[in-house]
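Below is input-v2.txt, holding compact mmCIF, C-alpha atoms.
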```txt
# COMPACT_ATOMS: atom_id res chain seq x y z
CA MET A 1 287.67 -16.83 69.05
CA LEU A 2 287.24 -14.17 71.64
CA SER A 3 284.44 -11.73 70.93
CA ILE A 4 282.94 -8.84 72.82
CA VAL A 5 280.15 -11.10 74.05
CA ASP A 6 282.65 -13.00 76.21
CA TYR A 7 283.65 -9.78 77.92
CA LEU A 8 280.03 -8.67 78.29
CA ILE A 9 279.03 -11.98 79.85
CA PHE A 10 281.99 -11.79 82.21
CA SER A 11 281.03 -8.33 83.37
CA GLY A 12 277.38 -9.39 83.58
CA LEU A 13 278.37 -12.19 85.93
CA MET A 14 280.49 -9.77 87.96
CA PHE A 15 277.56 -7.36 88.19
CA GLY A 16 275.30 -10.21 89.30
CA ILE A 17 277.74 -11.23 92.04
CA GLY A 18 277.89 -7.61 93.22
CA THR A 19 274.11 -7.26 93.47
CA MET A 20 273.86 -10.65 95.16
CA GLY A 21 276.42 -9.50 97.71
CA ILE A 22 274.33 -6.43 98.46
CA ALA A 23 271.25 -8.59 98.88
CA ILE A 24 272.78 -11.15 101.24
CA ASN A 25 275.26 -9.06 103.26
CA ARG A 26 272.81 -6.48 104.44
CA LYS A 27 274.40 -5.89 107.82
CA ASN A 28 278.09 -5.25 107.23
CA VAL A 29 278.69 -1.80 105.74
CA ILE A 30 282.24 -2.62 104.65
CA VAL A 31 281.10 -5.59 102.58
CA LEU A 32 278.36 -3.41 101.06
CA LEU A 33 281.02 -0.89 99.98
CA MET A 34 283.10 -3.71 98.51
CA CYS A 35 280.08 -4.97 96.54
CA ILE A 36 279.68 -1.48 95.08
CA GLU A 37 283.33 -1.66 94.02
CA LEU A 38 282.61 -4.99 92.30
CA ILE A 39 279.67 -3.49 90.40
CA LEU A 40 281.79 -0.53 89.32
CA LEU A 41 284.48 -2.92 88.14
CA ALA A 42 281.93 -4.78 85.99
CA VAL A 43 280.77 -1.52 84.43
CA ASN A 44 284.34 -0.43 83.80
CA THR A 45 285.13 -3.74 82.09
CA ASN A 46 282.17 -3.14 79.76
CA PHE A 47 283.48 0.33 78.95
CA VAL A 48 287.00 -0.90 78.21
CA ALA A 49 285.70 -3.77 76.05
CA PHE A 50 283.47 -1.51 73.96
CA SER A 51 286.28 1.02 73.68
CA ARG A 52 288.58 -1.62 72.22
CA PHE A 53 286.05 -3.27 69.94
CA LEU A 54 284.72 0.02 68.54
CA ASP A 55 288.27 1.40 68.35
CA GLN A 56 287.56 4.60 70.26
CA THR A 57 289.28 6.11 73.29
CA THR A 58 286.06 7.62 74.65
CA GLY A 59 285.27 4.54 76.71
CA GLU A 60 288.70 4.52 78.32
CA ILE A 61 288.37 8.22 79.19
CA PHE A 62 285.06 7.44 80.84
CA VAL A 63 286.66 4.63 82.85
CA PHE A 64 289.29 7.11 83.97
CA PHE A 65 286.60 9.40 85.40
CA ILE A 66 284.69 6.53 86.96
CA LEU A 67 287.87 5.43 88.74
CA THR A 68 288.36 8.98 90.03
CA VAL A 69 284.83 9.25 91.37
CA ALA A 70 284.98 5.73 92.82
CA ALA A 71 288.18 6.54 94.69
CA ALA A 72 286.57 9.70 96.11
CA GLU A 73 283.48 7.72 97.05
CA ALA A 74 285.52 5.04 98.81
CA ALA A 75 287.51 7.65 100.76
CA ILE A 76 284.42 9.53 101.96
CA GLY A 77 282.49 6.31 102.61
CA LEU A 78 285.25 4.90 104.77
CA ALA A 79 285.62 8.24 106.60
CA ILE A 80 281.90 8.19 107.39
CA LEU A 81 282.28 4.58 108.50
CA VAL A 82 285.10 5.48 110.90
CA VAL A 83 283.07 8.35 112.40
CA LEU A 84 280.06 6.06 112.69
CA TYR A 85 282.08 3.40 114.48
CA ARG A 86 283.50 5.99 116.89
CA GLN A 87 280.04 7.24 117.79
CA ARG A 88 277.95 4.07 117.81
CA ASN A 89 280.63 1.41 118.25
CA THR A 90 279.00 -0.72 115.59
CA ILE A 91 278.81 -0.92 111.80
CA ASN A 92 275.67 -3.01 111.71
CA VAL A 93 273.28 -1.42 109.24
CA GLU A 94 270.21 -2.46 111.19
CA GLU A 95 271.29 -0.53 114.27
CA LEU A 96 271.78 2.67 112.31
CA ASP A 97 268.18 3.79 112.42
CA GLU A 98 268.31 7.03 114.37
CA LEU A 99 268.14 9.38 111.42
CA LYS A 100 264.99 11.45 111.56
CA GLY A 101 263.27 12.58 108.45
CA MET B 1 295.64 -27.81 66.82
CA GLU B 2 296.88 -24.38 67.70
CA ILE B 3 295.97 -23.01 71.08
CA ASP B 4 294.18 -19.67 71.09
CA TRP B 5 296.33 -18.00 73.74
CA LEU B 6 294.12 -14.94 73.89
CA LYS B 7 291.15 -17.09 74.81
CA PHE B 8 293.22 -19.18 77.21
CA PHE B 9 294.37 -16.12 79.17
CA PHE B 10 290.90 -14.60 79.02
CA TYR B 11 289.35 -17.64 80.66
CA CYS B 12 292.14 -17.89 83.25
CA TYR B 13 291.76 -14.27 84.33
CA ALA B 14 287.94 -14.35 84.12
CA ALA B 15 287.77 -17.47 86.29
CA LEU B 16 290.18 -15.93 88.80
CA ALA B 17 288.21 -12.68 88.93
CA LEU B 18 284.85 -14.39 89.34
CA PHE B 19 286.25 -16.70 92.02
CA GLY B 20 287.62 -13.69 93.89
CA ALA B 21 284.32 -11.83 93.60
CA THR B 22 282.39 -14.84 94.91
CA MET B 23 284.72 -15.17 97.85
CA VAL B 24 284.36 -11.44 98.61
CA ILE B 25 280.65 -11.79 99.26
CA PHE B 26 280.80 -15.18 100.96
CA SER B 27 283.85 -14.92 103.22
CA ARG B 28 283.12 -14.51 106.91
CA ASN B 29 286.20 -12.46 107.67
CA SER B 30 286.26 -8.90 106.33
CA VAL B 31 290.05 -8.83 106.04
CA ARG B 32 289.93 -11.92 103.87
CA ALA B 33 287.17 -10.32 101.79
CA VAL B 34 289.38 -7.30 101.10
CA LEU B 35 292.25 -9.58 100.06
CA PHE B 36 289.96 -11.46 97.67
CA LEU B 37 288.83 -8.11 96.28
CA VAL B 38 292.49 -7.35 95.57
CA LEU B 39 292.72 -10.67 93.69
CA THR B 40 289.62 -9.72 91.68
CA PHE B 41 291.07 -6.35 90.74
CA VAL B 42 294.43 -7.84 89.69
CA ALA B 43 292.72 -10.45 87.51
CA SER B 44 290.53 -7.75 85.96
CA ALA B 45 293.62 -5.71 85.23
CA GLY B 46 294.87 -8.74 83.29
CA LEU B 47 291.62 -8.79 81.32
CA TRP B 48 291.97 -5.09 80.53
CA MET B 49 295.55 -5.72 79.44
CA LEU B 50 294.22 -8.25 76.90
CA LEU B 51 292.08 -5.42 75.52
CA GLN B 52 295.23 -3.31 75.10
CA ALA B 53 294.11 -0.77 77.68
CA GLU B 54 297.54 -0.82 79.31
CA PHE B 55 297.32 2.51 81.10
CA LEU B 56 293.98 1.75 82.72
CA ALA B 57 295.12 -1.74 83.70
CA LEU B 58 298.16 -0.31 85.46
CA ILE B 59 296.07 2.45 87.03
CA LEU B 60 293.69 -0.19 88.32
CA ILE B 61 296.55 -1.97 90.05
CA LEU B 62 298.37 1.14 91.27
CA VAL B 63 295.44 3.31 92.34
CA TYR B 64 292.84 0.72 93.18
CA VAL B 65 294.87 -2.07 94.68
CA GLY B 66 297.61 0.24 95.93
CA ALA B 67 295.52 3.00 97.45
CA VAL B 68 291.82 2.26 97.75
CA MET B 69 292.16 -1.37 98.81
CA VAL B 70 294.88 -0.49 101.31
CA LEU B 71 292.49 2.13 102.71
CA PHE B 72 289.82 -0.56 103.04
CA LEU B 73 292.31 -2.86 104.71
CA PHE B 74 293.34 -0.14 107.18
CA VAL B 75 289.73 0.59 108.10
CA VAL B 76 288.82 -3.09 108.45
CA MET B 77 291.80 -3.71 110.71
CA MET B 78 291.25 -0.51 112.71
CA LEU B 79 287.64 -1.25 113.50
CA ASN B 80 287.99 -4.00 116.03
CA MET B 81 284.56 -5.42 115.55
CA ASN B 82 282.77 -8.59 116.40
CA LEU B 83 281.84 -10.13 113.08
CA SER B 84 279.51 -12.93 114.06
CA PRO B 85 276.30 -10.87 114.52
CA LEU B 86 276.96 -9.18 111.20
CA LYS B 87 276.52 -12.48 109.42
CA GLU B 88 273.05 -13.20 110.81
CA GLY B 89 270.38 -13.42 108.16
CA PHE B 90 272.97 -14.54 105.66
CA VAL B 91 271.17 -17.79 104.87
CA ARG B 92 267.77 -16.15 105.01
CA TYR B 93 268.58 -13.68 102.25
CA LEU B 94 270.59 -16.13 100.15
CA PRO B 95 267.66 -17.32 97.96
CA LEU B 96 266.62 -13.72 97.34
CA GLY B 97 270.18 -12.78 96.40
CA ILE B 98 270.54 -15.73 94.04
CA LEU B 99 267.16 -14.86 92.49
CA ILE B 100 268.15 -11.22 91.87
CA ALA B 101 271.56 -12.14 90.48
CA ALA B 102 270.17 -14.92 88.28
CA THR B 103 267.50 -12.61 86.87
CA ILE B 104 270.00 -9.91 85.98
CA VAL B 105 272.52 -12.33 84.48
CA ALA B 106 269.85 -14.24 82.52
CA GLN B 107 268.47 -11.05 81.04
CA LEU B 108 271.92 -9.80 80.07
CA VAL B 109 272.96 -13.13 78.54
CA TRP B 110 269.67 -13.34 76.62
CA VAL B 111 270.26 -9.89 75.16
CA TYR B 112 273.87 -10.67 74.28
CA LYS B 113 272.97 -13.94 72.60
CA ASN B 114 270.44 -12.19 70.36
CA THR B 115 272.78 -9.58 68.93
CA ASP B 116 275.19 -9.71 66.04
CA MET B 117 277.97 -8.24 68.18
CA ALA B 118 279.68 -11.62 68.40
CA ALA B 119 280.79 -11.32 64.79
CA LEU B 120 283.75 -9.15 65.74
CA HIS B 121 286.67 -11.08 67.21
CA LEU B 122 289.48 -9.71 69.30
CA GLY B 123 292.22 -11.32 67.24
CA GLU B 124 290.86 -9.87 64.00
CA LEU B 125 290.72 -6.25 65.15
CA ALA B 126 293.04 -3.74 63.53
CA GLN B 127 296.40 -4.12 65.26
CA LYS B 128 297.96 -0.99 66.66
CA PRO B 129 301.35 0.01 65.20
CA ALA B 130 304.45 -0.94 67.14
CA ASP B 131 305.13 2.61 68.35
CA TYR B 132 301.53 3.07 69.52
CA SER B 133 301.26 4.49 73.00
CA ASN B 134 298.04 4.07 74.92
CA ILE B 135 299.07 6.75 77.42
CA THR B 136 299.80 9.28 74.67
CA GLU B 137 296.43 8.78 73.07
CA LEU B 138 294.58 8.98 76.39
CA GLY B 139 296.54 12.06 77.39
CA LEU B 140 295.85 13.79 74.08
CA ALA B 141 292.11 13.20 74.46
CA LEU B 142 292.15 14.08 78.15
CA TYR B 143 293.94 17.42 77.85
CA THR B 144 292.03 18.65 74.79
CA ASP B 145 288.51 17.34 74.35
CA TYR B 146 287.96 16.39 77.98
CA LEU B 147 289.78 19.26 79.67
CA TYR B 148 286.83 20.53 81.70
CA PRO B 149 285.77 17.07 82.91
CA PHE B 150 289.42 16.47 83.85
CA GLU B 151 289.51 19.65 85.92
CA ILE B 152 286.18 18.80 87.53
CA ALA B 153 287.62 15.39 88.42
CA GLY B 154 290.50 17.16 90.15
CA VAL B 155 288.06 19.30 92.12
CA ILE B 156 286.10 16.18 93.10
CA LEU B 157 289.27 14.61 94.46
CA LEU B 158 290.07 17.80 96.40
CA VAL B 159 286.57 17.84 97.87
CA ALA B 160 286.97 14.17 98.81
CA ILE B 161 290.27 14.86 100.58
CA ILE B 162 288.85 17.81 102.52
CA ALA B 163 285.64 15.95 103.37
CA ALA B 164 287.49 12.85 104.58
CA ILE B 165 289.82 14.93 106.77
CA ALA B 166 287.01 17.13 108.09
CA LEU B 167 284.94 14.07 108.98
CA THR B 168 287.62 12.17 110.83
CA PHE B 169 289.70 15.00 112.34
CA ARG B 170 289.20 15.21 116.07
CA GLY B 171 291.62 17.98 116.96
CA PRO B 172 294.65 17.51 119.17
CA GLN B 173 294.02 14.62 121.53
CA ASN B 174 297.13 13.93 123.56
CA ARG B 175 299.26 16.99 123.21
CA ARG B 176 299.14 20.49 124.66
CA SER B 177 298.39 23.13 122.09
CA GLN B 178 297.63 26.81 122.07
CA ASN B 179 293.97 27.75 121.70
CA ILE B 180 294.07 31.43 120.83
CA ALA B 181 290.31 31.97 121.03
CA VAL B 182 290.26 30.77 124.63
CA GLN B 183 293.27 32.94 125.46
CA VAL B 184 291.67 36.07 124.04
CA ALA B 185 288.30 35.42 125.66
CA THR B 186 289.72 34.86 129.09
CA ARG B 187 288.80 37.29 131.87
CA LYS B 188 290.48 38.43 135.01
CA ASP B 189 288.27 36.27 137.22
CA ASP B 190 289.40 33.12 135.47
CA ARG B 191 293.03 33.64 136.38
CA LEU B 192 293.04 35.71 139.58
CA ARG B 193 291.82 34.66 142.97
CA VAL B 194 291.84 37.21 145.77
CA ILE B 195 292.35 35.77 149.20
CA LYS B 196 291.13 38.31 151.68
CA ASP B 197 291.92 37.24 155.16
CA VAL B 198 295.41 35.98 155.68
CA GLY B 199 295.88 35.00 159.27
CA PRO B 200 299.18 35.01 161.11
CA ASP B 201 299.49 31.22 160.93
CA SER B 202 298.89 30.97 157.22
CA ASP B 203 301.66 29.53 155.15
CA LEU B 204 300.88 32.06 152.44
CA LYS B 205 302.90 34.58 154.42
CA ALA B 206 306.46 34.84 153.45
```
As structure tokens:
Amino acid sequence: MLSIVDYLIFSGLMFGIGTMGIAINRKNVIVLLMCIELILLAVNTNFVAFSRFLDQTTGEIFVFFILTVAAAEAAIGLAILVVLYRQRNTINVEELDELKG
Amino acid sequence: MEIDWLKFFFYCYAALALFGATMVIFSRNSVRAVLFLVLTFVASAGLWMLLQAEFLALILILVYVGAVMVLFLFVVMMLNMNLSPLKEGFVRYLPLGILIAATIVAQLVWVYKNTDMAALHLGELAQKPADYSNITELGLALYTDYLYPFEIAGVILLVAIIAAIALTFRGPQNRRSQNIAVQVATRKDDRLRVIKDVGPDSDLKA
């Protein structure tokens, strides 16, 4: 039988893959953004699973807001990426070290 | 023996999603990574559909796959970059990445295995009535209890639109346009040139 633990383990694995992606792809900004999307997806799956198993809509509402904020984050992140590429002609994280502070 | 279809579909979608996620972080080509991310999102939408979160599953496909992933794809294809130097250090950080991921997953699984949450099964939950509408229930909660968060979410999206346009807008590039500030600030010397001595052989004479 399918219990909530199956869903939690699935999203735990997804979260682990996302963090692993951030650890190993530390040069390509686009892949880093995609790994953040994976982590958000894992969290959202947890929310939806708990919402169903506890029979409350609160979790689904929260997922709704997370999706909104994630879409805004992706749009601004990609806009910054495009500006960065125009100025520096690279998206390698290690070459982006000119910020003073 | 009767097949537990719920479990069958769960494992199909979960395997598909995890395969897609693994390929996202390991594929060498960014375009291919985005396409595998699309696969991951579609499979996750199937998982959410099994949890009877129909609206969110469809939103995940429409908004995420349809808008955000297409945005990613556009950016990846627009940036004509050389990918090979971006993959350096991949092997060097692989053990660290596996260590971090294994630690997180092991901790989570250990916690999950030591709870009594597994007692509740998906097939035994209270079934919704036939005329139940997920969208109606979400909408009722969203427009009453969560009205202010909903409006703030709208403002966040507006800010995101304006910020994205303001960041990437470069002004008119290849077309002539009227710049009123320059027109107003112009002086006589910018436009007029007085030529004093006009000789008899000059072609300026009529």
Show me, as number ranges by chain, the residues of chain B whose atoms get within 7 Å of chain A, using all atoms listed in the file for the distance check. B: 7, 14, 18, 21-22, 25, 48, 51, 68, 86, 90, 93-94, 97-98, 100-101, 104-105, 108-109, 112, 117-118, 120-122, 138, 153, 157, 160, 163-164, 167-168
Would you mind reading off the distance between CA of Asn80 in chain B and CA of Ala33 in chain B, one decimal, in Å? 15.6 Å
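Our summary of the geometry notes that CA of Met78 in chain B is positioned 25.4 Å from CA of Arg176 in chain B.
Distances from B:Ala53, B:Met69, B:Ile152, B:Leu192 to Thr136 in chain B were compared using only C-alpha atoms, and the smallest one belongs to B:Ala53.
Close contacts of Thr40 in chain B, defined as residues with an atom at most 10 Å away when counting only C-alpha atoms, with chain neighbours fewer than 3 positions off set aside, comprise Met14, Leu38 and Leu41 of chain A; Tyr13, Ala14, Ala15, Leu16, Ala17, Leu18, Phe19, Gly20, Ala21, Thr22, Met23, Val24, Val34, Leu35, Phe36, Leu37, Ala43, Ser44, Ala45, Gly46 and Val65 of chain B.
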Work out how far CA of Gly123 in chain B is from CA of Trp5 in chain B, in Å to one decimal. 10.2 Å
Can you take the partial range 2-33 of chain A, add N, CA and C atoms, and return it as an mmCIF file, in the frame of the given file?
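Below is the file rebuild.cif, written as the result:
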```cif
data_model
loop_
_atom_site.group_PDB
_atom_site.id
_atom_site.type_symbol
_atom_site.label_atom_id
_atom_site.label_comp_id
_atom_site.auth_asym_id
_atom_site.auth_seq_id
_atom_site.Cartn_x
_atom_site.Cartn_y
_atom_site.Cartn_z
ATOM 1 N N LEU A 2 287.728 -15.006 70.549
ATOM 2 C CA LEU A 2 287.240 -14.170 71.640
ATOM 3 C C LEU A 2 286.478 -12.981 71.062
ATOM 4 N N SER A 3 285.211 -12.874 71.434
ATOM 5 C CA SER A 3 284.440 -11.730 70.930
ATOM 6 C C SER A 3 284.012 -10.866 72.097
ATOM 7 N N ILE A 4 283.344 -9.769 71.771
ATOM 8 C CA ILE A 4 282.940 -8.840 72.820
ATOM 9 C C ILE A 4 281.915 -9.475 73.747
ATOM 10 N N VAL A 5 281.175 -10.461 73.233
ATOM 11 C CA VAL A 5 280.150 -11.100 74.050
ATOM 12 C C VAL A 5 280.772 -11.795 75.263
ATOM 13 N N ASP A 6 281.971 -12.362 75.080
ATOM 14 C CA ASP A 6 282.650 -13.000 76.210
ATOM 15 C C ASP A 6 282.898 -11.988 77.325
ATOM 16 N N TYR A 7 283.393 -10.822 76.923
ATOM 17 C CA TYR A 7 283.650 -9.780 77.920
ATOM 18 C C TYR A 7 282.348 -9.304 78.562
ATOM 19 N N LEU A 8 281.297 -9.167 77.739
ATOM 20 C CA LEU A 8 280.030 -8.670 78.290
ATOM 21 C C LEU A 8 279.431 -9.684 79.259
ATOM 22 N N ILE A 9 279.570 -10.958 78.940
ATOM 23 C CA ILE A 9 279.030 -11.980 79.850
ATOM 24 C C ILE A 9 279.835 -12.003 81.136
ATOM 25 N N PHE A 10 281.152 -11.846 81.000
ATOM 26 C CA PHE A 10 281.990 -11.790 82.210
ATOM 27 C C PHE A 10 281.550 -10.641 83.106
ATOM 28 N N SER A 11 281.380 -9.454 82.516
ATOM 29 C CA SER A 11 281.030 -8.330 83.370
ATOM 30 C C SER A 11 279.581 -8.455 83.866
ATOM 31 N N GLY A 12 278.722 -9.136 83.080
ATOM 32 C CA GLY A 12 277.380 -9.390 83.580
ATOM 33 C C GLY A 12 277.404 -10.273 84.814
ATOM 34 N N LEU A 13 278.243 -11.308 84.773
ATOM 35 C CA LEU A 13 278.370 -12.190 85.930
ATOM 36 C C LEU A 13 278.911 -11.422 87.136
ATOM 37 N N MET A 14 279.905 -10.558 86.882
ATOM 38 C CA MET A 14 280.490 -9.770 87.960
ATOM 39 C C MET A 14 279.442 -8.845 88.583
ATOM 40 N N PHE A 15 278.637 -8.233 87.713
ATOM 41 C CA PHE A 15 277.560 -7.360 88.190
ATOM 42 C C PHE A 15 276.567 -8.157 89.036
ATOM 43 N N GLY A 16 276.228 -9.366 88.554
ATOM 44 C CA GLY A 16 275.300 -10.210 89.300
ATOM 45 C C GLY A 16 275.840 -10.578 90.672
ATOM 46 N N ILE A 17 277.140 -10.892 90.743
ATOM 47 C CA ILE A 17 277.740 -11.230 92.040
ATOM 48 C C ILE A 17 277.687 -10.022 92.968
ATOM 49 N N GLY A 18 277.939 -8.827 92.395
ATOM 50 C CA GLY A 18 277.890 -7.610 93.220
ATOM 51 C C GLY A 18 276.500 -7.371 93.798
ATOM 52 N N THR A 19 275.475 -7.489 92.961
ATOM 53 C CA THR A 19 274.110 -7.260 93.470
ATOM 54 C C THR A 19 273.722 -8.350 94.467
ATOM 55 N N MET A 20 274.160 -9.574 94.216
ATOM 56 C CA MET A 20 273.860 -10.650 95.160
ATOM 57 C C MET A 20 274.516 -10.368 96.505
ATOM 58 N N GLY A 21 275.737 -9.848 96.460
ATOM 59 C CA GLY A 21 276.420 -9.500 97.710
ATOM 60 C C GLY A 21 275.671 -8.449 98.489
ATOM 61 N N ILE A 22 275.103 -7.457 97.770
ATOM 62 C CA ILE A 22 274.330 -6.430 98.460
ATOM 63 C C ILE A 22 273.075 -7.031 99.068
ATOM 64 N N ALA A 23 272.484 -8.004 98.366
ATOM 65 C CA ALA A 23 271.250 -8.590 98.880
ATOM 66 C C ALA A 23 271.501 -9.462 100.102
ATOM 67 N N ILE A 24 272.620 -10.199 100.129
ATOM 68 C CA ILE A 24 272.780 -11.150 101.240
ATOM 69 C C ILE A 24 273.585 -10.594 102.395
ATOM 70 N N ASN A 25 274.495 -9.627 102.146
ATOM 71 C CA ASN A 25 275.260 -9.060 103.260
ATOM 72 C C ASN A 25 274.632 -7.735 103.663
ATOM 73 N N ARG A 26 273.440 -7.767 104.213
ATOM 74 C CA ARG A 26 272.810 -6.480 104.440
ATOM 75 C C ARG A 26 273.059 -5.959 105.842
ATOM 76 N N LYS A 27 274.100 -6.416 106.491
ATOM 77 C CA LYS A 27 274.400 -5.890 107.820
ATOM 78 C C LYS A 27 275.768 -5.226 107.886
ATOM 79 N N ASN A 28 276.713 -5.727 107.122
ATOM 80 C CA ASN A 28 278.090 -5.250 107.230
ATOM 81 C C ASN A 28 278.330 -4.161 106.186
ATOM 82 N N VAL A 29 278.551 -2.918 106.668
ATOM 83 C CA VAL A 29 278.690 -1.800 105.740
ATOM 84 C C VAL A 29 279.920 -1.944 104.865
ATOM 85 N N ILE A 30 281.001 -2.510 105.424
ATOM 86 C CA ILE A 30 282.240 -2.620 104.650
ATOM 87 C C ILE A 30 282.039 -3.545 103.460
ATOM 88 N N VAL A 31 281.336 -4.665 103.690
ATOM 89 C CA VAL A 31 281.100 -5.590 102.580
ATOM 90 C C VAL A 31 280.176 -4.943 101.553
ATOM 91 N N LEU A 32 279.232 -4.115 102.006
ATOM 92 C CA LEU A 32 278.360 -3.410 101.060
ATOM 93 C C LEU A 32 279.200 -2.485 100.171
ATOM 94 N N LEU A 33 280.144 -1.758 100.783
ATOM 95 C CA LEU A 33 281.020 -0.890 99.980
ATOM 96 C C LEU A 33 281.835 -1.705 98.983
#
```
